[in-house]
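Chemist: One file is attached below, final.json, containing JSON, C-alpha atoms.
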[["chain", "number", "residue", "atom", "x", "y", "z"],
["A", 1, "MET", "CA", 3.29, 0.97, -2.36],
["A", 2, "GLU", "CA", 5.54, -0.34, -5.11],
["A", 3, "LEU", "CA", 4.22, -2.44, -7.98],
["A", 4, "ARG", "CA", 6.90, -5.01, -7.25],
["A", 5, "VAL", "CA", 5.63, -5.45, -3.69],
["A", 6, "LEU", "CA", 2.02, -5.69, -4.88],
["A", 7, "ARG", "CA", 3.08, -8.51, -7.19],
["A", 8, "TYR", "CA", 4.79, -10.19, -4.24],
["A", 9, "PHE", "CA", 1.60, -9.83, -2.19],
["A", 10, "LEU", "CA", -0.55, -11.32, -4.96],
["A", 11, "ALA", "CA", 1.83, -14.25, -5.35],
["A", 12, "VAL", "CA", 1.57, -15.08, -1.64],
["A", 13, "ALA", "CA", -2.21, -14.68, -1.71],
["A", 14, "ARG", "CA", -2.33, -17.12, -4.64],
["A", 15, "GLU", "CA", 0.20, -19.68, -3.38],
["A", 16, "GLN", "CA", -0.90, -19.41, 0.29],
["A", 17, "THR", "CA", 2.68, -20.10, 1.45],
["A", 18, "ILE", "CA", 5.80, -17.96, 1.70],
["A", 19, "SER", "CA", 7.96, -20.79, 0.39],
["A", 20, "GLY", "CA", 5.78, -21.42, -2.65],
["A", 21, "ALA", "CA", 5.57, -17.73, -3.52],
["A", 22, "ALA", "CA", 9.31, -17.20, -3.01],
["A", 23, "GLU", "CA", 10.09, -20.08, -5.35],
["A", 24, "LEU", "CA", 7.70, -18.68, -7.96],
["A", 25, "LEU", "CA", 9.20, -15.19, -7.65],
["A", 26, "HIS", "CA", 12.82, -16.42, -7.56],
["A", 27, "ILE", "CA", 13.63, -14.59, -4.32],
["A", 28, "THR", "CA", 14.57, -15.83, -0.86],
["A", 29, "GLN", "CA", 11.94, -16.47, 1.80],
["A", 30, "PRO", "CA", 13.46, -13.96, 4.29],
["A", 31, "THR", "CA", 13.41, -11.24, 1.61],
["A", 32, "LEU", "CA", 9.77, -11.94, 0.77],
["A", 33, "SER", "CA", 8.74, -12.06, 4.44],
["A", 34, "ARG", "CA", 10.44, -8.73, 5.09],
["A", 35, "GLN", "CA", 8.73, -7.07, 2.10],
["A", 36, "LEU", "CA", 5.32, -8.28, 3.29],
["A", 37, "MET", "CA", 5.89, -7.08, 6.84],
["A", 38, "GLU", "CA", 6.93, -3.66, 5.53],
["A", 39, "LEU", "CA", 3.75, -3.56, 3.40],
["A", 40, "GLU", "CA", 1.63, -4.31, 6.47],
["A", 41, "GLU", "CA", 3.44, -1.58, 8.41],
["A", 42, "GLU", "CA", 2.93, 0.89, 5.56],
["A", 43, "LEU", "CA", -0.81, 0.19, 5.42],
["A", 44, "GLY", "CA", -1.23, -0.05, 9.16],
["A", 45, "HIS", "CA", -3.21, -3.30, 9.00],
["A", 46, "PRO", "CA", -2.38, -7.01, 9.14],
["A", 47, "LEU", "CA", -2.91, -8.59, 5.72],
["A", 48, "PHE", "CA", -2.28, -12.24, 6.55],
["A", 49, "ILE", "CA", -3.25, -14.87, 9.09],
["A", 50, "ARG", "CA", -0.10, -16.95, 9.30],
["A", 51, "GLY", "CA", -0.99, -20.58, 10.01],
["A", 52, "ASN", "CA", 1.26, -23.60, 10.38],
["A", 53, "ARG", "CA", 0.62, -24.92, 6.88],
["A", 54, "LYS", "CA", -0.81, -22.06, 4.90],
["A", 55, "ILE", "CA", -1.37, -18.32, 4.90],
["A", 56, "THR", "CA", -4.85, -16.86, 4.57],
["A", 57, "LEU", "CA", -5.92, -13.26, 4.04],
["A", 58, "THR", "CA", -7.49, -11.00, 6.62],
["A", 59, "GLU", "CA", -10.46, -8.83, 5.65],
["A", 60, "GLU", "CA", -8.00, -6.04, 4.81],
["A", 61, "GLY", "CA", -5.93, -8.54, 2.82],
["A", 62, "LEU", "CA", -8.95, -9.58, 0.76],
["A", 63, "PHE", "CA", -9.65, -5.93, -0.02],
["A", 64, "LEU", "CA", -6.04, -5.30, -1.04],
["A", 65, "ARG", "CA", -5.99, -8.41, -3.25],
["A", 66, "LYS", "CA", -8.89, -7.01, -5.27],
["A", 67, "ARG", "CA", -7.35, -3.54, -5.54],
["A", 68, "ALA", "CA", -3.84, -4.82, -6.22],
["A", 69, "GLN", "CA", -5.04, -7.00, -9.09],
["A", 70, "GLU", "CA", -6.90, -4.03, -10.60],
["A", 71, "ILE", "CA", -3.76, -1.88, -10.32],
["A", 72, "ILE", "CA", -1.53, -4.52, -11.92],
["A", 73, "ASP", "CA", -4.04, -5.11, -14.73],
["A", 74, "LEU", "CA", -4.24, -1.38, -15.46],
["A", 75, "VAL", "CA", -0.46, -0.97, -15.47],
["A", 76, "GLU", "CA", 0.02, -3.92, -17.82],
["A", 77, "LYS", "CA", -2.72, -2.60, -20.11],
["A", 78, "THR", "CA", -1.02, 0.83, -20.22],
["A", 79, "GLN", "CA", 2.41, -0.67, -20.87],
["A", 80, "THR", "CA", 1.00, -2.71, -23.76],
["A", 81, "GLU", "CA", -0.53, 0.39, -25.33],
["A", 82, "PHE", "CA", 2.84, 2.17, -25.26],
["A", 83, "THR", "CA", 4.71, -0.71, -26.88],
["A", 84, "ILE", "CA", 2.47, -0.88, -29.96],
["A", 85, "ASP", "CA", 4.23, 0.25, -33.13],
["A", 86, "ASP", "CA", 2.72, 3.56, -34.31],
["A", 87, "GLU", "CA", 2.70, 2.26, -37.87],
["A", 88, "LEU", "CA", 0.92, -0.94, -36.93],
["A", 89, "ILE", "CA", -2.76, -1.00, -36.00],
["A", 90, "GLY", "CA", -2.98, -3.56, -33.26],
["A", 91, "GLY", "CA", -3.12, -4.05, -29.55],
["A", 92, "ASP", "CA", -5.86, -4.83, -27.07],
["A", 93, "ILE", "CA", -9.49, -3.74, -26.92],
["A", 94, "PHE", "CA", -11.29, -4.41, -23.65],
["A", 95, "ILE", "CA", -15.09, -4.65, -23.79],
["A", 96, "GLY", "CA", -17.44, -5.24, -20.88],
["A", 97, "GLY", "CA", -21.11, -6.03, -21.18],
["A", 98, "GLY", "CA", -24.16, -7.56, -19.65],
["A", 99, "GLU", "CA", -26.10, -10.36, -21.23],
["A", 100, "THR", "CA", -27.82, -9.10, -24.34],
["A", 101, "ASP", "CA", -28.38, -10.45, -27.83],
["A", 102, "ALA", "CA", -27.14, -7.09, -29.14],
["A", 103, "MET", "CA", -23.59, -8.26, -28.41],
["A", 104, "ARG", "CA", -23.91, -10.07, -31.74],
["A", 105, "LEU", "CA", -23.61, -6.69, -33.47],
["A", 106, "LEU", "CA", -20.36, -5.92, -31.67],
["A", 107, "ALA", "CA", -19.07, -9.42, -32.40],
["A", 108, "LYS", "CA", -19.71, -8.80, -36.10],
["A", 109, "ILE", "CA", -17.83, -5.49, -35.95],
["A", 110, "ALA", "CA", -14.93, -7.09, -34.08],
["A", 111, "PHE", "CA", -14.70, -9.89, -36.64],
["A", 112, "HIS", "CA", -14.66, -7.56, -39.66],
["A", 113, "LEU", "CA", -12.14, -5.24, -38.02],
["A", 114, "GLN", "CA", -9.81, -8.12, -37.20],
["A", 115, "GLN", "CA", -9.89, -9.22, -40.83],
["A", 116, "GLN", "CA", -8.37, -5.84, -41.69],
["A", 117, "TYR", "CA", -6.11, -5.60, -38.66],
["A", 118, "PRO", "CA", -5.17, -9.10, -37.46],
["A", 119, "ASN", "CA", -2.97, -7.74, -34.67],
["A", 120, "ILE", "CA", -5.99, -6.49, -32.71],
["A", 121, "ARG", "CA", -6.91, -8.68, -29.73],
["A", 122, "TYR", "CA", -10.23, -8.52, -27.90],
["A", 123, "HIS", "CA", -10.79, -9.13, -24.20],
["A", 124, "LEU", "CA", -14.37, -9.59, -23.01],
["A", 125, "PHE", "CA", -15.67, -9.05, -19.51],
["A", 126, "SER", "CA", -19.17, -10.21, -18.56],
["A", 127, "GLY", "CA", -21.10, -8.65, -15.71],
["A", 128, "ASN", "CA", -24.19, -6.65, -14.90],
["A", 129, "GLY", "CA", -24.43, -2.90, -15.43],
["A", 130, "ASP", "CA", -22.92, -2.06, -12.04],
["A", 131, "ASP", "CA", -19.93, -4.32, -12.71],
["A", 132, "VAL", "CA", -19.36, -2.84, -16.16],
["A", 133, "MET", "CA", -19.48, 0.77, -14.95],
["A", 134, "ASP", "CA", -17.11, -0.08, -12.10],
["A", 135, "HIS", "CA", -14.58, -1.51, -14.57],
["A", 136, "LEU", "CA", -15.01, 1.48, -16.88],
["A", 137, "ASP", "CA", -14.44, 3.99, -14.11],
["A", 138, "LYS", "CA", -11.28, 2.18, -13.03],
["A", 139, "GLY", "CA", -9.91, 2.08, -16.58],
["A", 140, "LEU", "CA", -9.94, -1.71, -16.74],
["A", 141, "ILE", "CA", -12.06, -1.78, -19.90],
["A", 142, "ASP", "CA", -12.30, 0.58, -22.88],
["A", 143, "PHE", "CA", -15.97, 0.12, -23.75],
["A", 144, "GLY", "CA", -19.04, -1.00, -21.89],
["A", 145, "VAL", "CA", -22.39, -2.21, -23.21],
["A", 146, "LEU", "CA", -25.16, -1.01, -20.91],
["A", 147, "ILE", "CA", -28.83, -1.92, -20.93],
["A", 148, "GLU", "CA", -31.08, 1.00, -20.08],
["A", 149, "PRO", "CA", -32.16, 2.22, -17.63],
["A", 150, "ALA", "CA", -28.58, 3.11, -16.72],
["A", 151, "ASP", "CA", -26.92, 6.36, -15.72],
["A", 152, "ILE", "CA", -24.85, 7.17, -18.80],
["A", 153, "THR", "CA", -24.56, 10.93, -18.19],
["A", 154, "LYS", "CA", -20.90, 10.67, -17.24],
["A", 155, "TYR", "CA", -19.99, 8.76, -20.42],
["A", 156, "ASP", "CA", -19.78, 9.31, -24.13],
["A", 157, "PHE", "CA", -21.92, 6.77, -25.92],
["A", 158, "ILE", "CA", -23.33, 5.37, -29.14],
["A", 159, "ARG", "CA", -26.89, 4.06, -29.14],
["A", 160, "ILE", "CA", -27.08, 0.50, -30.48],
["A", 161, "PRO", "CA", -29.82, 0.20, -33.14],
["A", 162, "ALA", "CA", -31.54, -2.68, -31.34],
["A", 163, "LYS", "CA", -33.83, -3.16, -28.37],
["A", 164, "ASP", "CA", -34.06, -5.90, -25.79],
["A", 165, "THR", "CA", -37.44, -7.34, -24.82],
["A", 166, "TRP", "CA", -38.30, -8.21, -21.22],
["A", 167, "GLY", "CA", -40.33, -11.25, -20.32],
["A", 168, "ILE", "CA", -40.52, -14.35, -18.18],
["A", 169, "LEU", "CA", -38.38, -17.49, -18.55],
["A", 170, "MET", "CA", -40.26, -20.54, -17.29],
["A", 171, "ARG", "CA", -40.62, -24.27, -17.66],
["A", 172, "LYS", "CA", -42.74, -25.40, -20.61],
["A", 173, "ASP", "CA", -45.00, -27.30, -18.21],
["A", 174, "SER", "CA", -45.67, -24.17, -16.11],
["A", 175, "PRO", "CA", -49.28, -22.89, -15.92],
["A", 176, "LEU", "CA", -48.27, -19.55, -17.48],
["A", 177, "ALA", "CA", -46.65, -21.24, -20.49],
["A", 178, "SER", "CA", -50.04, -21.50, -22.20],
["A", 179, "LYS", "CA", -50.30, -17.70, -22.37],
["A", 180, "PRO", "CA", -48.90, -15.75, -25.37],
["A", 181, "HIS", "CA", -47.67, -12.99, -23.08],
["A", 182, "ILE", "CA", -47.38, -12.13, -19.39],
["A", 183, "GLU", "CA", -49.33, -9.33, -17.73],
["A", 184, "ALA", "CA", -48.49, -7.59, -14.46],
["A", 185, "SER", "CA", -51.23, -9.41, -12.56],
["A", 186, "ASP", "CA", -49.62, -12.76, -13.51],
["A", 187, "LEU", "CA", -46.57, -11.89, -11.41],
["A", 188, "PHE", "CA", -48.28, -11.19, -8.11],
["A", 189, "ASP", "CA", -48.50, -14.72, -6.73],
["A", 190, "ILE", "CA", -45.65, -16.64, -8.37],
["A", 191, "PRO", "CA", -42.06, -17.22, -7.13],
["A", 192, "LEU", "CA", -39.81, -14.84, -9.06],
["A", 193, "ILE", "CA", -36.09, -14.88, -9.85],
["A", 194, "THR", "CA", -35.10, -11.29, -10.54],
["A", 195, "SER", "CA", -32.12, -9.12, -11.43],
["A", 196, "ARG", "CA", -30.34, -7.57, -8.48],
["A", 197, "GLN", "CA", -29.79, -4.26, -10.33],
["A", 198, "THR", "CA", -31.63, -1.47, -8.55],
["A", 199, "MET", "CA", -32.36, 0.64, -11.64],
["A", 200, "ILE", "CA", -33.91, -2.31, -13.48],
["A", 201, "ASN", "CA", -36.11, -3.08, -10.50],
["A", 202, "GLU", "CA", -37.24, 0.55, -10.45],
["A", 203, "GLN", "CA", -38.23, 0.20, -14.11],
["A", 204, "MET", "CA", -40.20, -2.93, -13.26],
["A", 205, "THR", "CA", -41.97, -1.12, -10.43],
["A", 206, "LYS", "CA", -43.33, 1.39, -12.93],
["A", 207, "TRP", "CA", -44.44, -1.36, -15.32],
["A", 208, "ILE", "CA", -46.08, -3.49, -12.63],
["A", 209, "GLY", "CA", -47.82, -0.59, -10.94],
["A", 210, "ARG", "CA", -46.87, -1.63, -7.41],
["A", 211, "ASP", "CA", -43.72, -1.75, -5.30],
["A", 212, "PHE", "CA", -41.29, -4.33, -6.66],
["A", 213, "GLY", "CA", -40.50, -5.42, -3.12],
["A", 214, "GLU", "CA", -44.06, -6.71, -2.68],
["A", 215, "LEU", "CA", -43.46, -9.48, -5.21],
["A", 216, "ASN", "CA", -42.45, -12.97, -4.09],
["A", 217, "THR", "CA", -38.75, -12.87, -5.01],
["A", 218, "VAL", "CA", -37.15, -16.22, -4.14],
["A", 219, "SER", "CA", -33.76, -15.54, -5.72],
["A", 220, "THR", "CA", -31.75, -12.82, -7.46],
["A", 221, "TYR", "CA", -29.11, -13.01, -10.19],
["A", 222, "ASN", "CA", -26.60, -10.86, -12.03],
["A", 223, "LEU", "CA", -26.16, -13.17, -15.05],
["A", 224, "ILE", "CA", -29.07, -15.21, -16.32],
["A", 225, "PHE", "CA", -27.45, -18.58, -17.13],
["A", 226, "ASN", "CA", -27.20, -19.78, -13.54],
["A", 227, "ALA", "CA", -30.68, -18.39, -12.84],
["A", 228, "SER", "CA", -31.99, -20.51, -15.72],
["A", 229, "LEU", "CA", -30.79, -23.61, -13.86],
["A", 230, "LEU", "CA", -33.03, -22.65, -10.96],
["A", 231, "VAL", "CA", -35.92, -22.25, -13.40],
["A", 232, "GLU", "CA", -35.21, -25.72, -14.83],
["A", 233, "GLN", "CA", -35.48, -27.16, -11.32],
["A", 234, "GLY", "CA", -38.88, -25.53, -10.88],
["A", 235, "MET", "CA", -37.75, -23.03, -8.26],
["A", 236, "GLY", "CA", -39.44, -20.08, -9.93],
["A", 237, "TYR", "CA", -39.94, -17.81, -12.92],
["A", 238, "ALA", "CA", -37.05, -15.63, -14.11],
["A", 239, "LEU", "CA", -37.72, -12.05, -15.10],
["A", 240, "CYS", "CA", -35.15, -11.49, -17.86],
["A", 241, "LEU", "CA", -34.39, -10.47, -21.43],
["A", 242, "ASP", "CA", -35.26, -12.51, -24.50],
["A", 243, "LYS", "CA", -32.80, -14.54, -26.64],
["A", 244, "LEU", "CA", -30.32, -15.20, -23.85],
["A", 245, "ILE", "CA", -31.32, -18.77, -23.01],
["A", 246, "ASN", "CA", -31.98, -21.41, -25.66],
["A", 247, "THR", "CA", -35.65, -22.39, -25.48],
["A", 248, "THR", "CA", -35.82, -24.36, -28.73],
["A", 249, "GLY", "CA", -35.70, -28.08, -29.47],
["A", 250, "ASP", "CA", -35.40, -30.30, -26.42],
["A", 251, "SER", "CA", -35.15, -27.41, -23.97],
["A", 252, "THR", "CA", -37.51, -27.67, -21.01],
["A", 253, "LEU", "CA", -37.82, -23.87, -20.93],
["A", 254, "CYS", "CA", -39.82, -21.24, -22.78],
["A", 255, "PHE", "CA", -39.96, -17.44, -22.82],
["A", 256, "ARG", "CA", -43.07, -15.25, -22.83],
["A", 257, "PRO", "CA", -42.81, -11.46, -23.36],
["A", 258, "LEU", "CA", -44.40, -8.94, -21.04],
["A", 259, "PHE", "CA", -47.56, -7.12, -22.11],
["A", 260, "PRO", "CA", -47.78, -4.21, -22.54],
["A", 261, "PRO", "CA", -44.34, -4.70, -24.10],
["A", 262, "LEU", "CA", -41.38, -3.55, -22.06],
["A", 263, "GLU", "CA", -38.24, -2.87, -24.11],
["A", 264, "SER", "CA", -34.83, -1.48, -23.24],
["A", 265, "ASN", "CA", -32.42, 0.58, -25.31],
["A", 266, "LEU", "CA", -28.75, -0.34, -25.35],
["A", 267, "ASP", "CA", -25.66, 1.85, -25.45],
["A", 268, "VAL", "CA", -21.95, 1.38, -26.00],
["A", 269, "VAL", "CA", -20.31, 3.78, -23.54],
["A", 270, "TRP", "CA", -16.79, 4.95, -22.73],
["A", 271, "LYS", "CA", -15.24, 7.47, -20.37],
["A", 272, "LYS", "CA", -15.41, 11.10, -21.45],
["A", 273, "TYR", "CA", -12.15, 12.67, -22.61],
["A", 274, "GLN", "CA", -10.57, 9.24, -22.90],
["A", 275, "VAL", "CA", -7.47, 9.01, -25.08],
["A", 276, "PHE", "CA", -7.84, 5.88, -27.18],
["A", 277, "SER", "CA", -5.32, 3.66, -28.88],
["A", 278, "LYS", "CA", -5.50, 3.50, -32.66],
["A", 279, "ALA", "CA", -7.20, 0.12, -32.40],
["A", 280, "SER", "CA", -9.93, 1.51, -30.15],
["A", 281, "GLU", "CA", -10.42, 4.49, -32.47],
["A", 282, "LYS", "CA", -10.89, 2.08, -35.38],
["A", 283, "PHE", "CA", -13.45, 0.18, -33.29],
["A", 284, "ILE", "CA", -15.46, 3.35, -32.58],
["A", 285, "ASN", "CA", -15.41, 4.36, -36.25],
["A", 286, "SER", "CA", -16.49, 0.86, -37.29],
["A", 287, "MET", "CA", -19.41, 0.97, -34.85],
["A", 288, "ARG", "CA", -20.59, 4.30, -36.25],
["A", 289, "VAL", "CA", -20.41, 3.03, -39.83],
["A", 290, "GLU", "CA", -22.08, -0.32, -39.05],
["A", 291, "PHE", "CA", -24.86, 1.12, -36.86],
["A", 292, "ASN", "CA", -25.69, 3.88, -39.34],
["A", 293, "ALA", "CA", -25.99, 1.29, -42.11],
["A", 294, "LEU", "CA", -28.60, -0.72, -40.18],
["A", 295, "PRO", "CA", -32.29, -0.02, -40.80]]
Output the structure of this file as structure tokens.
Modeler:
Amino acid sequence: MELRVLRYFLAVAREQTISGAAELLHITQPTLSRQLMELEEELGHPLFIRGNRKITLTEEGLFLRKRAQEIIDLVEKTQTEFTIDDELIGGDIFIGGGETDAMRLLAKIAFHLQQQYPNIRYHLFSGNGDDVMDHLDKGLIDFGVLIEPADITKYDFIRIPAKDTWGILMRKDSPLASKPHIEASDLFDIPLITSRQTMINEQMTKWIGRDFGELNTVSTYNLIFNASLLVEQGMGYALCLDKLINTTGDSTLCFRPLFPPLESNLDVVWKKYQVFSKASEKFINSMRVEFNALP
């Protein structure tokens, strides 16, 4: 597969017509059609369902669209790194992370570093731990922020000098809102909105003292904001980390920590033996200096 053809494929997938994609790519329709047919022959699978008005993707086409975009992104990222002037500290730093208040520490480091090196650009990717590790392994991001428990044995890492606290996000008029903290027995008979990450659920199983699957889970989430909308509507109680949803002022929501307390460590991780750009090396050094200076 050639990168040029993958770009053609992505253009057709986006425009949903041969004519629209050909106009965008500045090539003729017959040329584009031939390239796509050769791609299908090379892969041995049909990629498109060709309708009268628009083209849609087959299951194999949907899979290739995801992979092709990842390949193009990685190539463009690599090309950018090679075009940076050796004497100029700049370029792109790609950071992926889940929802955690500890991202404030990285934001502070990024801000201070950019004051010194204004040609550094940051690109943030938000997702749960599984998403972040997937992007790391594919080389789409340089650094990932992972909330433990997470399998970090295949990465180099720096421990962030902060911990996240687990608890329950609920409406202020909920029966449990009158309690200062939430115990395991409080969770047995209420509708729960929980993370879909397996390792986190295993951690909760240990804390609760019974199988996590026995709880009344009415919904799952990978990022808490949309889950908080379900909580606002009274659909259930969200098991989540503190300081991610505003519960002050006119908010209808409140947060109560678990008891005994359940806290998670956080790590900034990157692939072992990775060759970094000068900008990324500066970022690592800044993290070490900043984190060591914190109490």
Chemist: One decimal, in Å: what's the spacing between CA of Ile71 in chain A and CA of Asp131 in chain A?
Modeler: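 Computing the Euclidean distance for CA of Ile71 in chain A and CA of Asp131 in chain A yields 16.5 Å.
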Chemist: Expressed in Å to a single decimal, how great is the separation between CA of Leu262 in chain A and CA of Ala293 in chain A?
Modeler: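 Result for CA of Leu262 in chain A versus CA of Ala293 in chain A: 25.7 Å, one decimal.
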Chemist: So that I can see what lies close to Leu230 in chain A, please list as a VMD selection string the residues with an atom at most 12 Å from it, counting only C-alpha atoms and leaving out residues fewer than 5 positions away in the same chain.
Modeler: chain A and resid 169 to 171 191 to 194 218 to 221 224 to 225 235 to 238 253
Chemist: Using all atoms listed in the file, what table do you get, as a tab-separated table, when you list each residue of range 188-230 of chain A with an atom no more than 12 Å from range 254-260 of chain A, its nearest pair of atoms, and their distance in Å rounded to one decimal, rows by chain then rising number?
Modeler:
residue	atom	partner	partner_atom	distance
A:Met204	CA	A:Leu258	CA	10.7
A:Lys206	CA	A:Pro260	CA	12.0
A:Trp207	CA	A:Pro260	CA	8.5
A:Ile208	CA	A:Pro260	CA	10.1
A:Ser228	CA	A:Cys254	CA	10.6
Chemist: Compile the contact shell of Lys271 in chain A as a ChimeraX atom specification: residues with an atom at most 10 Å away, counting only C-alpha atoms, same-chain residues fewer than 5 positions apart removed.
Modeler: /A:133,136-139,141-144,152,154-157
Chemist: Please, what distance in Å, to one decimal, runs between CA of Asp267 in chain A and CA of Thr78 in chain A?
Modeler: 25.2 Å
Chemist: So which residues touch Leu3 in chain A within 10 Å, counting all atoms listed in the file, skipping near sequence neighbours fewer than 5 positions away, as a list in words?
Modeler: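 Skipping anything fewer than 5 positions along the chain leaves Tyr8, Phe9, Ala68, Ile71, Ile72 and Val75 of chain A.
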Chemist: May I have the selected residues written with C-alpha atoms, as a PDB file, in the coordinates of the input?
Modeler:
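Listing of selection.pdb after writing:
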ATOM      1  CA  TYR A   8       4.790 -10.190  -4.240  1.00  0.00           C
ATOM      2  CA  PHE A   9       1.600  -9.830  -2.190  1.00  0.00           C
ATOM      3  CA  ALA A  68      -3.840  -4.820  -6.220  1.00  0.00           C
ATOM      4  CA  ILE A  71      -3.760  -1.880 -10.320  1.00  0.00           C
ATOM      5  CA  ILE A  72      -1.530  -4.520 -11.920  1.00  0.00           C
ATOM      6  CA  VAL A  75      -0.460  -0.970 -15.470  1.00  0.00           C
TER       7      VAL A  75
END
Chemist: What lies within 8 Å of Ser286 in chain A using only C-alpha atoms, ignoring chain neighbours under 3 positions off, as an mmCIF file with C-alpha atoms, in the frame of the given file?
Modeler:
data_model
loop_
_atom_site.group_PDB
_atom_site.id
_atom_site.type_symbol
_atom_site.label_atom_id
_atom_site.label_comp_id
_atom_site.auth_asym_id
_atom_site.auth_seq_id
_atom_site.Cartn_x
_atom_site.Cartn_y
_atom_site.Cartn_z
ATOM 1 C CA ILE A 109 -17.830 -5.490 -35.950
ATOM 2 C CA LEU A 113 -12.140 -5.240 -38.020
ATOM 3 C CA LYS A 282 -10.890 2.080 -35.380
ATOM 4 C CA PHE A 283 -13.450 0.180 -33.290
ATOM 5 C CA VAL A 289 -20.410 3.030 -39.830
ATOM 6 C CA GLU A 290 -22.080 -0.320 -39.050
#
Chemist: Contacts of Leu6 in chain A at 10 Å or less, counting only C-alpha atoms, minus same-chain residues fewer than 3 places along, as a PyMOL selection string?
Modeler: chain A and resi 1-3+9-12+35-36+39+64-65+67-69+71-72
Chemist: Could you work out an axis-aligned bounding box for all listed atoms of range 68-81 of chain A, with 8 Å added on each of the six sides, and give its centre and edge lengths in Å to one decimal, as lines of an AutoDock Vina configuration file?
Modeler:
center_x = -2.2
center_y = -3.1
center_z = -15.8
size_x = 25.3
size_y = 23.8
size_z = 35.1
Chemist: Find the residue from A:Phe188, A:Arg288, A:Ala107, A:Lys172 that sits nearest to Glu232 in chain A; use only C-alpha atoms when measuring.
Modeler: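 Smallest distance to Glu232 in chain A is found for A:Lys172.
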Chemist: Let me make sure I understand: among A:Ile245, A:Ile158, A:Leu223, A:Ala184, which one has the smallest atom-to-atom distance to Thr205 in chain A if we use all atoms listed in the file?
Modeler: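 That would be A:Ala184, the residue with the smallest distance to Thr205 in chain A.
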Chemist: Can you take the partial range 180-192 of chain A, add N, CA, C and O atoms, and return it as a short mmCIF file (atom, residue, chain, number, x, y, z; two decimals), in the frame of the given file?
Modeler:
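File result-v3.cif, as written:
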data_model
loop_
_atom_site.label_atom_id
_atom_site.label_comp_id
_atom_site.auth_asym_id
_atom_site.auth_seq_id
_atom_site.Cartn_x
_atom_site.Cartn_y
_atom_site.Cartn_z
N PRO A 180 -49.79 -16.34 -24.37
CA PRO A 180 -48.90 -15.75 -25.37
C PRO A 180 -48.01 -14.66 -24.80
O PRO A 180 -46.96 -14.35 -25.35
N HIS A 181 -48.46 -14.04 -23.72
CA HIS A 181 -47.67 -12.99 -23.08
C HIS A 181 -48.03 -12.94 -21.59
O HIS A 181 -49.01 -13.56 -21.16
N ILE A 182 -47.23 -12.20 -20.84
CA ILE A 182 -47.38 -12.13 -19.39
C ILE A 182 -47.79 -10.71 -18.99
O ILE A 182 -47.12 -9.74 -19.37
N GLU A 183 -48.87 -10.62 -18.23
CA GLU A 183 -49.33 -9.33 -17.73
C GLU A 183 -48.89 -9.14 -16.28
O GLU A 183 -48.49 -10.10 -15.60
N ALA A 184 -48.97 -7.90 -15.81
CA ALA A 184 -48.49 -7.59 -14.46
C ALA A 184 -49.18 -8.44 -13.41
O ALA A 184 -48.54 -8.93 -12.47
N SER A 185 -50.48 -8.65 -13.57
CA SER A 185 -51.23 -9.41 -12.56
C SER A 185 -50.74 -10.86 -12.47
O SER A 185 -50.92 -11.51 -11.43
N ASP A 186 -50.11 -11.38 -13.54
CA ASP A 186 -49.62 -12.76 -13.51
C ASP A 186 -48.44 -12.92 -12.56
O ASP A 186 -48.12 -14.05 -12.15
N LEU A 187 -47.78 -11.82 -12.21
CA LEU A 187 -46.57 -11.89 -11.41
C LEU A 187 -46.81 -11.81 -9.91
O LEU A 187 -45.90 -12.05 -9.12
N PHE A 188 -48.04 -11.51 -9.51
CA PHE A 188 -48.28 -11.19 -8.11
C PHE A 188 -48.13 -12.39 -7.18
O PHE A 188 -47.74 -12.24 -6.03
N ASP A 189 -48.47 -13.58 -7.64
CA ASP A 189 -48.50 -14.72 -6.73
C ASP A 189 -47.58 -15.86 -7.14
O ASP A 189 -47.79 -17.00 -6.73
N ILE A 190 -46.56 -15.57 -7.95
CA ILE A 190 -45.65 -16.64 -8.37
C ILE A 190 -44.25 -16.38 -7.81
O ILE A 190 -43.89 -15.23 -7.54
N PRO A 191 -43.44 -17.42 -7.60
CA PRO A 191 -42.06 -17.22 -7.13
C PRO A 191 -41.19 -16.67 -8.25
O PRO A 191 -41.10 -17.27 -9.33
N LEU A 192 -40.56 -15.54 -8.01
CA LEU A 192 -39.81 -14.84 -9.06
C LEU A 192 -38.30 -14.89 -8.79
O LEU A 192 -37.85 -14.83 -7.64
#
